[in-house]
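Text of final-v9.pdb, listed as PDB, C-alpha atoms:
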ATOM      1  CA  MET A   1     143.100 314.685 151.970
ATOM      2  CA  GLU A   2     145.521 317.328 153.223
ATOM      3  CA  LYS A   3     145.157 319.072 156.565
ATOM      4  CA  LYS A   4     144.489 322.424 154.890
ATOM      5  CA  GLN A   5     141.665 320.948 152.781
ATOM      6  CA  ILE A   6     140.103 319.407 155.877
ATOM      7  CA  GLN A   7     140.259 322.713 157.740
ATOM      8  CA  THR A   8     138.679 324.485 154.754
ATOM      9  CA  LEU A   9     135.810 321.988 154.747
ATOM     10  CA  ILE A  10     135.366 322.421 158.513
ATOM     11  CA  GLN A  11     135.158 326.211 158.098
ATOM     12  CA  ARG A  12     132.623 325.830 155.264
ATOM     13  CA  VAL A  13     130.438 323.573 157.426
ATOM     14  CA  ARG A  14     130.514 326.179 160.197
ATOM     15  CA  THR A  15     129.978 329.298 158.104
ATOM     16  CA  SER A  16     128.016 328.255 154.999
ATOM     17  CA  GLU A  17     124.362 327.480 154.599
ATOM     18  CA  GLY A  18     122.245 325.209 152.456
ATOM     19  CA  GLU A  19     123.828 323.221 149.649
ATOM     20  CA  ASP A  20     127.378 324.524 150.209
ATOM     21  CA  ARG A  21     127.282 323.473 153.867
ATOM     22  CA  GLN A  22     125.945 320.027 152.941
ATOM     23  CA  GLN A  23     128.623 319.552 150.271
ATOM     24  CA  ALA A  24     131.370 320.477 152.740
ATOM     25  CA  PHE A  25     130.022 318.068 155.346
ATOM     26  CA  ASP A  26     129.678 315.325 152.723
ATOM     27  CA  GLY A  27     133.339 315.872 151.797
ATOM     28  CA  LEU A  28     134.393 315.381 155.408
ATOM     29  CA  LEU A  29     132.087 312.397 155.721
ATOM     30  CA  ARG A  30     133.642 310.715 152.664
ATOM     31  CA  GLN A  31     137.056 311.112 154.234
ATOM     32  CA  TYR A  32     136.085 309.838 157.702
ATOM     33  CA  ARG A  33     133.292 307.337 156.969
ATOM     34  CA  PRO A  34     135.659 304.340 157.403
ATOM     35  CA  LEU A  35     136.556 305.622 160.879
ATOM     36  CA  ILE A  36     132.897 306.116 161.810
ATOM     37  CA  GLU A  37     131.942 302.665 160.502
ATOM     38  CA  ALA A  38     134.844 300.982 162.303
ATOM     39  CA  LEU A  39     133.967 302.571 165.641
ATOM     40  CA  ALA A  40     130.263 301.750 165.275
ATOM     41  CA  ALA A  41     131.175 298.136 164.413
ATOM     42  CA  ARG A  42     133.510 297.939 167.397
ATOM     43  CA  PHE A  43     130.663 298.734 169.780
ATOM     44  CA  SER A  44     127.976 296.623 168.090
ATOM     45  CA  ASP A  45     129.007 293.244 169.467
ATOM     46  CA  GLU A  46     126.685 290.379 170.338
ATOM     47  CA  GLU A  47     126.008 291.743 173.848
ATOM     48  CA  ARG A  48     124.536 294.903 172.365
ATOM     49  CA  ALA A  49     122.756 293.273 169.435
ATOM     50  CA  GLU A  50     119.437 294.787 170.529
ATOM     51  CA  LEU A  51     120.761 298.287 169.842
ATOM     52  CA  GLY A  52     121.823 297.443 166.326
ATOM     53  CA  ARG A  53     124.627 298.849 164.273
ATOM     54  CA  ASP A  54     122.326 301.437 162.662
ATOM     55  CA  ASP A  55     121.626 303.109 166.020
ATOM     56  CA  LEU A  56     125.323 303.192 166.843
ATOM     57  CA  ARG A  57     126.197 304.469 163.372
ATOM     58  CA  GLN A  58     123.609 307.233 163.728
ATOM     59  CA  GLU A  59     125.003 308.234 167.128
ATOM     60  CA  ALA A  60     128.545 308.166 165.719
ATOM     61  CA  LEU A  61     127.448 310.491 162.895
ATOM     62  CA  LEU A  62     125.933 312.932 165.389
ATOM     63  CA  VAL A  63     129.118 312.959 167.454
ATOM     64  CA  PHE A  64     131.176 313.375 164.263
ATOM     65  CA  TYR A  65     129.111 316.447 163.375
ATOM     66  CA  ARG A  66     129.634 317.854 166.892
ATOM     67  CA  SER A  67     133.375 317.236 166.542
ATOM     68  CA  VAL A  68     133.366 319.229 163.268
ATOM     69  CA  MET A  69     131.650 322.093 165.079
ATOM     70  CA  THR A  70     133.914 322.047 168.167
ATOM     71  CA  TYR A  71     137.361 321.296 166.706
ATOM     72  CA  ASP A  72     139.861 324.093 167.338
ATOM     73  CA  THR A  73     141.296 324.819 163.875
ATOM     74  CA  GLU A  74     143.707 327.388 165.342
ATOM     75  CA  GLN A  75     145.841 324.775 167.094
ATOM     76  CA  SER A  76     148.197 322.565 165.121
ATOM     77  CA  GLU A  77     149.109 319.800 167.553
ATOM     78  CA  VAL A  78     146.013 317.577 167.416
ATOM     79  CA  GLU A  79     144.865 316.488 163.952
ATOM     80  CA  PHE A  80     141.144 316.562 163.278
ATOM     81  CA  GLY A  81     141.080 312.814 162.585
ATOM     82  CA  LEU A  82     142.405 311.998 166.066
ATOM     83  CA  TYR A  83     140.072 314.532 167.673
ATOM     84  CA  ALA A  84     137.056 313.065 165.850
ATOM     85  CA  LYS A  85     138.105 309.510 166.699
ATOM     86  CA  VAL A  86     138.341 310.218 170.416
ATOM     87  CA  CYS A  87     135.090 312.209 170.419
ATOM     88  CA  ILE A  88     133.230 309.397 168.646
ATOM     89  CA  TYR A  89     134.762 306.735 170.882
ATOM     90  CA  HIS A  90     133.759 308.544 174.072
ATOM     91  CA  GLY A  91     130.413 309.568 172.595
ATOM     92  CA  LEU A  92     129.525 305.950 171.862
ATOM     93  CA  ILE A  93     130.560 304.912 175.365
ATOM     94  CA  SER A  94     128.299 307.623 176.827
ATOM     95  CA  TYR A  95     125.465 306.601 174.521
ATOM     96  CA  LEU A  96     125.736 302.946 175.545
ATOM     97  CA  ARG A  97     125.890 303.836 179.228
ATOM     98  CA  LEU A  98     122.794 305.983 178.862
ATOM     99  CA  LYS A  99     120.951 303.155 177.081
ATOM    100  CA  GLU A 100     121.998 300.632 179.730
ATOM    101  CA  ASN A 101     120.890 302.990 182.517
ATOM    102  CA  GLN A 102     117.531 303.567 180.847
ATOM    103  CA  GLU A 103     116.990 299.818 180.679
ATOM    104  CA  SER A 104     118.034 299.256 184.289
ATOM    105  CA  GLY A 105     115.794 301.874 185.879
ATOM    106  CA  PRO A 106     115.799 305.546 186.841
ATOM    107  CA  LEU A 107     118.904 307.554 186.083
ATOM    108  CA  SER A 108     120.956 309.362 188.668
ATOM    109  CA  LEU A 109     121.471 313.076 188.169
ATOM    110  CA  SER A 110     124.927 312.725 186.680
ATOM    111  CA  GLU A 111     124.029 309.823 184.416
ATOM    112  CA  GLY A 112     120.930 311.488 183.027
ATOM    113  CA  PHE A 113     122.458 314.910 182.524
ATOM    114  CA  GLU A 114     122.509 314.770 178.715
ATOM    115  CA  GLU A 115     118.945 313.470 178.570
ATOM    116  CA  SER A 116     117.633 316.096 180.986
ATOM    117  CA  LEU A 117     119.491 318.798 179.065
ATOM    118  CA  SER A 118     117.788 317.843 175.799
ATOM    119  CA  GLU A 119     114.415 317.776 177.592
ATOM    120  CA  ALA A 120     115.167 321.241 178.994
ATOM    121  CA  GLU A 121     116.085 322.476 175.509
ATOM    122  CA  ALA A 122     112.722 321.320 174.204
ATOM    123  CA  GLU A 123     110.856 322.947 177.114
ATOM    124  CA  ASP A 124     112.713 326.241 177.486
ATOM    125  CA  PRO A 125     114.890 327.361 174.565
ATOM    126  CA  VAL A 126     115.588 330.737 176.249
ATOM    127  CA  ALA A 127     117.081 329.020 179.311
ATOM    128  CA  THR A 128     119.159 326.856 176.990
ATOM    129  CA  LEU A 129     120.443 329.926 175.143
ATOM    130  CA  ILE A 130     121.362 331.619 178.434
ATOM    131  CA  GLU A 131     123.155 328.471 179.606
ATOM    132  CA  ARG A 132     125.132 328.278 176.356
ATOM    133  CA  GLU A 133     126.121 331.935 176.670
ATOM    134  CA  ARG A 134     127.339 331.257 180.221
ATOM    135  CA  GLU A 135     129.350 328.291 178.979
ATOM    136  CA  GLN A 136     130.920 330.446 176.255
ATOM    137  CA  ALA A 137     131.776 333.161 178.789
ATOM    138  CA  LEU A 138     133.330 330.574 181.107
ATOM    139  CA  ASP A 139     135.313 329.109 178.210
ATOM    140  CA  LEU A 140     136.604 332.590 177.351
ATOM    141  CA  VAL A 141     137.765 333.120 180.963
ATOM    142  CA  ILE A 142     139.488 329.728 180.918
ATOM    143  CA  ARG A 143     141.160 330.431 177.553
ATOM    144  CA  GLU A 144     142.419 333.831 178.729
ATOM    145  CA  ASN A 145     144.002 332.384 181.874
ATOM    146  CA  LEU A 146     145.713 329.325 180.405
ATOM    147  CA  SER A 147     148.587 329.062 177.992
ATOM    148  CA  ALA A 148     147.809 327.615 174.549
ATOM    149  CA  TYR A 149     149.319 324.266 175.618
ATOM    150  CA  GLU A 150     147.354 324.212 178.890
ATOM    151  CA  TYR A 151     144.129 325.094 177.086
ATOM    152  CA  ARG A 152     144.601 322.204 174.621
ATOM    153  CA  ILE A 153     145.285 319.820 177.508
ATOM    154  CA  TRP A 154     142.219 321.119 179.367
ATOM    155  CA  ARG A 155     139.905 320.719 176.358
ATOM    156  CA  LEU A 156     141.085 317.173 175.785
ATOM    157  CA  TYR A 157     140.814 316.348 179.488
ATOM    158  CA  VAL A 158     137.234 317.622 179.851
ATOM    159  CA  SER A 159     136.318 315.823 176.609
ATOM    160  CA  GLY A 160     137.069 312.543 178.362
ATOM    161  CA  TYR A 161     140.595 311.768 177.210
ATOM    162  CA  THR A 162     142.854 309.985 179.671
ATOM    163  CA  ALA A 163     146.268 311.433 180.541
ATOM    164  CA  GLY A 164     147.859 308.659 178.469
ATOM    165  CA  GLU A 165     145.749 309.494 175.402
ATOM    166  CA  ILE A 166     146.471 313.197 175.791
ATOM    167  CA  GLY A 167     150.173 312.458 176.131
ATOM    168  CA  ARG A 168     150.186 310.433 172.914
ATOM    169  CA  ALA A 169     148.258 313.156 171.068
ATOM    170  CA  GLU A 170     150.583 315.895 172.366
ATOM    171  CA  GLY A 171     153.828 313.935 172.160
ATOM    172  CA  LYS A 172     154.358 314.168 175.929
ATOM    173  CA  ASP A 173     154.741 311.518 178.608
ATOM    174  CA  GLU A 174     151.783 310.728 180.854
ATOM    175  CA  LYS A 175     153.459 312.148 183.978
ATOM    176  CA  SER A 176     153.936 315.576 182.394
ATOM    177  CA  VAL A 177     150.262 315.570 181.357
ATOM    178  CA  HIS A 178     149.234 314.737 184.943
ATOM    179  CA  ASN A 179     151.414 317.635 186.129
ATOM    180  CA  ALA A 180     149.838 319.962 183.570
ATOM    181  CA  ILE A 181     146.322 318.946 184.647
ATOM    182  CA  TYR A 182     147.256 319.632 188.290
ATOM    183  CA  ARG A 183     148.612 323.098 187.364
ATOM    184  CA  ILE A 184     145.541 323.852 185.252
ATOM    185  CA  ARG A 185     143.160 322.899 188.062
ATOM    186  CA  ARG A 186     145.073 325.062 190.531
ATOM    187  CA  LYS A 187     145.016 328.034 188.127
ATOM    188  CA  LEU A 188     141.325 327.638 187.371
ATOM    189  CA  ARG A 189     140.404 327.377 191.056
ATOM    190  CA  ALA A 190     142.166 330.682 191.694
ATOM    191  CA  VAL A 191     140.530 332.317 188.674
ATOM    192  CA  LEU A 192     137.037 331.107 189.597
ATOM    193  CA  ARG A 193     137.441 332.358 193.166
ATOM    194  CA  ARG A 194     138.349 335.798 191.782
ATOM    195  CA  GLU A 195     135.449 335.772 189.330
TER     196      GLU A 195
END
Could you spell out this file's structure in structure tokens?
Amino acid sequence: MEKKQIQTLIQRVRTSEGEDRQQAFDGLLRQYRPLIEALAARFSDEERAELGRDDLRQEALLVFYRSVMTYDTEQSEVEFGLYAKVCIYHGLISYLRLKENQESGPLSLSEGFEESLSEAEAEDPVATLIEREREQALDLVIRENLSAYEYRIWRLYVSGYTAGEIGRAEGKDEKSVHNAIYRIRRKLRAVLRRE
């Protein structure tokens, strides 16, 4: 499937409702199901047999959907397939860590953040809405103060990509990505102090 067709399907998933939205998502799913299955299989080894491939596949599908909703279609450097692959990979790692932490006892604040967030969403949807609006406002401030290249690097970095992975995705060497991350952090510190 061509890049333009994929972007059209992504836009339909985001903007349509009902049957049209489902058809668009199914089209993307047909294209990327082998990727989702391969990543779920990669993490369902004998050590994690108790989780089962179905649980991992379900989690991978959820992360795939989130990647459809968060992919920046305006940029042209990172293909959706690579973005989805990295999101699913890191999402499955987070999911497995959360499961392992649940089995081993109480979670620390940082480890249980996603779980506590979903509990908070269930308890107070207004607080969740306010928090999302704050996140969107912060993202707008970040976007306005970084170049397009820096913003792409930042989004990949906060999504869990390593400097090496970002470099491969952007066609840059790892050192230049490290330098960009340093510059971005310095810029954002200055901006946040002003704000």
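With only C-alpha atoms taken into account, the protein and nucleic acid residues at most 6 Å from A:Glu174 (excluding it and anything under 2 positions from it in its own chain) are Ala163, Gly164, Gly167, Ser176 and Val177 of chain A.
Computed from the coordinates, the atom CA of A:Ile10 to atom CA of A:Phe25 distance equals 7.6 Å.
Nearest to A:Leu96 of all the residues A:Tyr32, A:Tyr161, A:Phe43, A:Tyr149 is A:Phe43, counting all atoms listed in the file.
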Evaluate the PyMOL selection byres ((chain A and resi 57) around 9) and record the selected residues as a ChimeraX atom specification, following the chain and residue labels used in the document. /A:36-37,39-41,52-56,58-62
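Residues matched by the PyMOL selection byres ((chain A and resi 181-188) around 9) in this structure: Ile142, Asn145, Leu146, Glu150, Tyr151, Ile153, Trp154, Tyr157, Ala163, Ser176, Val177, His178, Asn179, Ala180, Arg189, Ala190, Val191, Leu192 and Arg193 of chain A.
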The residues within 12 Å of (136.4, 313.1, 180.6), using all atoms listed in the file and the coordinates of the file, should be reported as a PDB file with C-alpha atoms, keeping the file's coordinate frame; which are they?
ATOM      1  CA  VAL A  86     138.341 310.218 170.416  1.00  0.00           C
ATOM      2  CA  CYS A  87     135.090 312.209 170.419  1.00  0.00           C
ATOM      3  CA  TYR A  89     134.762 306.735 170.882  1.00  0.00           C
ATOM      4  CA  HIS A  90     133.759 308.544 174.072  1.00  0.00           C
ATOM      5  CA  GLY A  91     130.413 309.568 172.595  1.00  0.00           C
ATOM      6  CA  ILE A  93     130.560 304.912 175.365  1.00  0.00           C
ATOM      7  CA  SER A  94     128.299 307.623 176.827  1.00  0.00           C
ATOM      8  CA  ILE A 153     145.285 319.820 177.508  1.00  0.00           C
ATOM      9  CA  TRP A 154     142.219 321.119 179.367  1.00  0.00           C
ATOM     10  CA  ARG A 155     139.905 320.719 176.358  1.00  0.00           C
ATOM     11  CA  LEU A 156     141.085 317.173 175.785  1.00  0.00           C
ATOM     12  CA  TYR A 157     140.814 316.348 179.488  1.00  0.00           C
ATOM     13  CA  VAL A 158     137.234 317.622 179.851  1.00  0.00           C
ATOM     14  CA  SER A 159     136.318 315.823 176.609  1.00  0.00           C
ATOM     15  CA  GLY A 160     137.069 312.543 178.362  1.00  0.00           C
ATOM     16  CA  TYR A 161     140.595 311.768 177.210  1.00  0.00           C
ATOM     17  CA  THR A 162     142.854 309.985 179.671  1.00  0.00           C
ATOM     18  CA  ALA A 163     146.268 311.433 180.541  1.00  0.00           C
ATOM     19  CA  GLU A 165     145.749 309.494 175.402  1.00  0.00           C
ATOM     20  CA  ILE A 166     146.471 313.197 175.791  1.00  0.00           C
TER      21      ILE A 166
END
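The smallest atom-to-atom distance between A:Leu82 and any of A:Ser67, A:Gln22, A:Ser147, A:Ser44, using only C-alpha atoms, is found for A:Ser67.
When all atoms listed in the file are used to compute distances to A:Phe80, the closest of the residues A:Val141, A:Pro34, A:Leu28, A:Arg14 turns out to be A:Leu28.
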Using the chain letters and numbers from the file, give me the residues hit by the PyMOL selection byres ((chain A and resi 5-9) around 12), as an MDAnalysis selection string. chainID A and resid 1:4 10:16 20:32 68:69 71:76 79:81
